[in-house]
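Chemist: This structure is in structure tokens; I'll ask about it shortly.
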Amino acid sequence: MANKGYQTVGKPLPHESAHLHVTGSAQYTDDIPEINASLHGALGTSTRAHARIVSMDLSAVMAAPGVAAVVTLDDITGEKYVGPYLHDEPVFADGIVEYLGQPLFAVAATSHDLARRAARLVRVEYEDLDPVLTVDEGADRKSYVLPPVHISRGDPQAVLAAGPNRHQGEVRAGGQEQFYLEGQVAYAWPGENDEMQVYCSTQHPSEMQHTVARVLGQEAHTVKVQCRRMGGGFGGKESQSWPFVVAAALLARCTGRPVKLRADRDDDFMITGKRHDFHVFYDVAYTDEGLIKAITFEQRLRCGYSADLSGAVGDRQVFHTDNAYYLETFDILSLRVKTNTQSNTAFRGFGGPQGILGIEYVIDDIARRLGKDPLDVRKLNFYGRTERNVTPYRMVVEDNVVHELVDQLEASSKYRERRKQIDRFNAQSRVLKKGLALVPVKFGISFTATHLNQAGALLHIYTDGSVLINHGGTEMGQGLNTKVAQVVAEELGVDISHVRVTAADTSKVANTSATAASTGSDLNGKAAQDAARKVKAGLVAYAADHYGCDATDIVFRSNEVICKDRITLPFVEFVQQAYNARVPLWSSGFYRTPKIHYDLETLTGRPFYYFVYAAACSEVVVDTLTGESRLLRADILYDGGRSINPAVDIGQIEGGFIQGMGWLTSEELFWDEKGRLMTHSPSTYKIPSVSDCPELLHVEFFDNGNTENNIFQSKAVGEPPLPTAVSVFMAIRDAIAATAVPGVTVPLNAPATPERVLWAIEAVNEGSALGADIAAEDVLADAGESVVAPVMGVAGPGPGYV
């Protein structure tokens, strides 16, 4: 629900850059006018997944037209290894290549095209090594980027043995490419006295600053990183902007000229990491009603060749293994598996969606085995309010509204009525089958690394009454700057048109955290509010002294400063007076999230300041001959607290849901047997389009303020909407189940592509009439004859599948 009683906060104002976006005048990094003598960079990359470099001949590269410089690992005078957690990633391959696409060197030339062409001229002699390409192969070899993590409660094996019902299962889910519309790009300008100015598309300017400084062998104050806006990030620019930023800076230092490095989409795909794919095994015991008594999970998370952020991603998967359900007795083993593929990284949800998908799969299986509606089994297992309310990581759930929220969505979506309608439809339709699922989400908000939960801001009021605010967050289209401007305008009582938010800049607000973990507005909004209140406090003190007012009677509202009947001054006039009286018109602001703590060794504590609750009800139709599925309708109820900007928040909810649907239905990453990513462009990697959105998409806010002292009682909207799309995946399983006899579980893995849907239909109908029809069509397809289902007969998963 929106905030009420405020001038600016709670209003559905347009995005602060909307007019720039639609007119094409919003300036991104690649739009910055290039100064004279600018060069363009490119990366030369490995063509092997795992090999020793016997020799690397760069003579043809250096002799190529337009080439000004080439840099390798040997040219680095500072640190040669970097990384956000462990420094285990060489800037360029150090004698051994660990994945196909790993940077070997960087080249600068007079044009983007010449640089890319030159990079292809390298001659490398390799001695191939045995690559690990799948998460299961890596787990079997005990190949890890970080040690396994294990938490438990009670005696799971004893409770599992006692039943009364018990079964084992598994589920796989693929990764997901961030596919930001603006690719990775950096523009480095060398300055005087070893200074380096870097403009780049990154969610973490401070990390880029420190990484560049370390690689150049300089102190951080010599490097300034600036980011005005990104054309999307989704986690892919949190830590993995560094290969492009560092290469541009190295080339700029080598040549003494500005260097821009803009990655081609294919190169971006091949170099950078994705959402972590996973394979989960589970063993669960439950009552005849479906109440979980004990459960064990082995979570195999594919991390790629280095640690990157995989430790925190794996932890958050563990933290969301419960989703909205109380697990009385459990054992969770998290394996952070090393493979010779791109180093997987942050992606919207950061492990949370993976944890939620696993437990929802279990709940769905329990319901089908017992012949019950999955929604009833979900509700039975919900966290309680005063008991059954302690998470696996020993945090007490204090703000539980999942019962009321799900009940409200169940009623507003007419779930029970539609369930009956769908049952009747499926009974009469042989080819098309519909499915329905209502799935809840409980999502923890805060960085699990406690020290990152801090933010700073710098605010200036100019004598004409205009306000400039800088903060540590980055704008990637999510509306962060719009919300920060609303917060400042509200505090100072001025129209938002008088407030401008400037580019994230490490020389203005230092030591910032990444704009990630759904904390952008929470942290930076609070820091900006603190700065505004400090300036305002000085102005109030001046007004009270100068006009003889009581400080408590002074109000800043509607571009005026009012003190009961004594004064009413335009804000601009009052500010000019304060300046003349030598009252400071600027201040810094700072915020640190209270209450949170977390033991990295035991994975216990209070890692989250609060929880966001949501639920989605999705209806799909599946063509049992082609395996195609379509989302017909989705109803989403979202606990956004008191929204700062409902228009921005609804856009985030809708976008997150559709992005999650893409992860679970159409976006498939496939590596061949040599470790080459084959789905590395829009022609082979399919993100959802407008036509994939349902005709009916209803989004409503649940009426619930944040119980914690968050900015204007709002709640986060960045990541929690994405796992609501698990309802789409479960609805597809429901539709497939309609082709089989009751009680059959559906062995469907994600993404639920047409091929996988057909494999699942065939699996649940072995020996049935429908199964015979499918088998016959398989034979026809293999024989090359035309059939109704053109994808029948496609081979099963190969080495590239998770």
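The way I read the labels, and the way they are meant: chains A, B, ... in the order of the structure tokens, residue 1 as the first residue of every chain, and ligand 1 as the first ligand shown, with later ones counted on from there.
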Which parts of segment 358-502 of chain A does DSSP call helix (DSSP H, G or I) when run on the backbone here, written out as a PyMOL selection string?

Modeler: chain A and resi 358-370+374-380+402-412+415-428+450-452+480-492+496-498

Chemist: Using only C-alpha atoms, which protein or nucleic acid residues come within 9 Å of segment 594-607 of chain A? Drop anything in the same chain fewer than 5 positions from it, and give the result as number ranges by chain.

Modeler: A: 149-151, 315, 318-319, 392-396, 444-450, 453

Chemist: For Glu695 of chain A, which residue among A:Asp649, A:Leu631, A:Asp155, A:Asp288 is the nearest when counting only C-alpha atoms?

Modeler: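 Of A:Asp649, A:Leu631, A:Asp155, A:Asp288, the one nearest Glu695 of chain A, counting only C-alpha atoms, is A:Leu631.
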
Chemist: Using 10 Å as the limit and counting only C-alpha atoms, can you tabulate each residue of segment 431-485 of chain A that touches segment 201-220 of chain A, with its shortest atom-to-atom distance in Å and the two atoms involved, as CSV?

Modeler:
```
residue,atom,partner,partner_atom,distance
A:Gly472,CA,A:Pro205,CA,8.5
A:Gly473,CA,A:Gln203,CA,7.8
A:Thr474,CA,A:Gln203,CA,5.8
A:Glu475,CA,A:Gln203,CA,8.1
A:Met476,CA,A:Gln203,CA,7.9
```

Chemist: Using only C-alpha atoms, which residue out of A:Phe297, A:Phe281, A:Tyr326, A:Tyr638 lies closest to Gln652 of chain A?

Modeler: A:Tyr638

Chemist: Pick out the residues sitting within 12 Å of Lys420 of chain A, and hand them over as a PyMOL selection string; count only C-alpha atoms, and ignore anything fewer than 5 positions along from it in its own chain.

Modeler: chain A and resi 373+414-415+425-427+434-436

Chemist: Name the residues in contact with Gly175 of chain A at a cut-off of 10 Å, using only C-alpha atoms, excluding same-chain residues fewer than 5 positions from it; report them as a ChimeraX atom specification.

Modeler: /A:273-278,302,344,347,354,663-664,667-670,750-751,801-802

Chemist: Enumerate the residues of segment 352-441 of chain A with a DSSP assignment of strand (DSSP E), computed from the backbone, and present them as a ChimeraX atom specification.

Modeler: /A:432-441

Chemist: So which one's closest to Gly520 of chain A, A:Ala543, A:Ala455, A:Val284, A:Val390? Using only C-alpha atoms, please.

Modeler: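 Of all the options, A:Ala455 lies closest to Gly520 of chain A.
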
Chemist: Which residues, written as a list in words, have at least one atom at most 9 Å from Arg117 of chain A, with only C-alpha atoms counted and residues fewer than 6 positions away on the same chain left out?

Modeler: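 Here the qualifying residues turn out to be Ala42, Val61 and Ala64 of chain A.
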
Chemist: Keeping only N, CA and C atoms, take the residues you just selected and write them out as a compact mmCIF listing (two decimals), in the first residue's frame.

Modeler:
```
# COMPACT_ATOMS: atom_id res chain seq x y z
N ALA A 42 39.83 -4.47 -26.51
CA ALA A 42 39.16 -5.76 -26.68
C ALA A 42 39.96 -6.80 -25.91
N VAL A 61 48.97 -9.96 -33.44
CA VAL A 61 48.08 -9.01 -32.78
C VAL A 61 48.72 -7.63 -32.77
N ALA A 64 48.81 -5.87 -36.14
CA ALA A 64 47.52 -5.65 -36.81
C ALA A 64 47.26 -4.16 -37.00
```

Chemist: Residues of segment 508-568 of chain A within 9 Å of segment 705-725 of chain A: nearest atom pair and distance (Å, one decimal) for each, counting only C-alpha atoms, sorted by chain and number, as a tab-separated table?

Modeler:
```
residue	atom	partner	partner_atom	distance
A:Ala516	CA	A:Gly718	CA	8.4
A:Ala517	CA	A:Glu719	CA	7.2
A:Ser518	CA	A:Gly718	CA	4.8
A:Thr519	CA	A:Ala716	CA	6.8
A:Gly520	CA	A:Ala716	CA	8.4
A:Ser521	CA	A:Ala716	CA	7.5
A:Asp522	CA	A:Ile711	CA	5.9
A:Leu523	CA	A:Ile711	CA	8.3
A:Gly525	CA	A:Ile711	CA	6.4
A:Lys526	CA	A:Ile711	CA	5.8
A:Gln529	CA	A:Ile711	CA	8.4
```

Chemist: Store the residues picked out above, limited to N, CA, C and O atoms, as a short mmCIF file (atom, residue, chain, number, x, y, z; two decimals), in the first residue's frame.

Modeler:
```cif
data_model
loop_
_atom_site.label_atom_id
_atom_site.label_comp_id
_atom_site.auth_asym_id
_atom_site.auth_seq_id
_atom_site.Cartn_x
_atom_site.Cartn_y
_atom_site.Cartn_z
N ALA A 516 22.65 -3.89 -4.42
CA ALA A 516 22.30 -5.30 -4.55
C ALA A 516 21.53 -5.72 -3.30
O ALA A 516 21.31 -4.92 -2.39
N ALA A 517 21.13 -6.99 -3.27
CA ALA A 517 20.45 -7.57 -2.12
C ALA A 517 19.16 -6.84 -1.78
O ALA A 517 18.70 -6.86 -0.64
N SER A 518 18.58 -6.16 -2.76
CA SER A 518 17.31 -5.43 -2.58
C SER A 518 17.40 -4.34 -1.53
O SER A 518 16.40 -3.92 -0.96
N THR A 519 18.62 -3.84 -1.27
CA THR A 519 18.82 -2.87 -0.20
C THR A 519 19.03 -1.45 -0.70
O THR A 519 19.28 -0.55 0.11
N GLY A 520 18.97 -1.22 -2.00
CA GLY A 520 19.31 0.08 -2.55
C GLY A 520 18.54 1.23 -1.93
O GLY A 520 19.13 2.21 -1.46
N SER A 521 17.22 1.13 -1.91
CA SER A 521 16.40 2.20 -1.34
C SER A 521 16.49 2.22 0.18
O SER A 521 16.50 3.28 0.80
N ASP A 522 16.54 1.03 0.79
CA ASP A 522 16.61 0.96 2.25
C ASP A 522 17.84 1.68 2.78
O ASP A 522 17.76 2.51 3.69
N LEU A 523 19.01 1.38 2.22
CA LEU A 523 20.26 1.93 2.73
C LEU A 523 20.46 3.38 2.28
O LEU A 523 20.69 4.28 3.10
N GLY A 525 18.32 5.45 0.81
CA GLY A 525 17.22 6.33 1.20
C GLY A 525 17.40 6.83 2.62
O GLY A 525 17.19 8.01 2.92
N LYS A 526 17.81 5.95 3.51
CA LYS A 526 18.05 6.33 4.90
C LYS A 526 19.25 7.28 5.02
O LYS A 526 19.23 8.24 5.81
N GLN A 529 18.14 10.61 3.78
CA GLN A 529 17.26 11.20 4.78
C GLN A 529 18.07 11.78 5.94
O GLN A 529 17.77 12.88 6.44
#
```
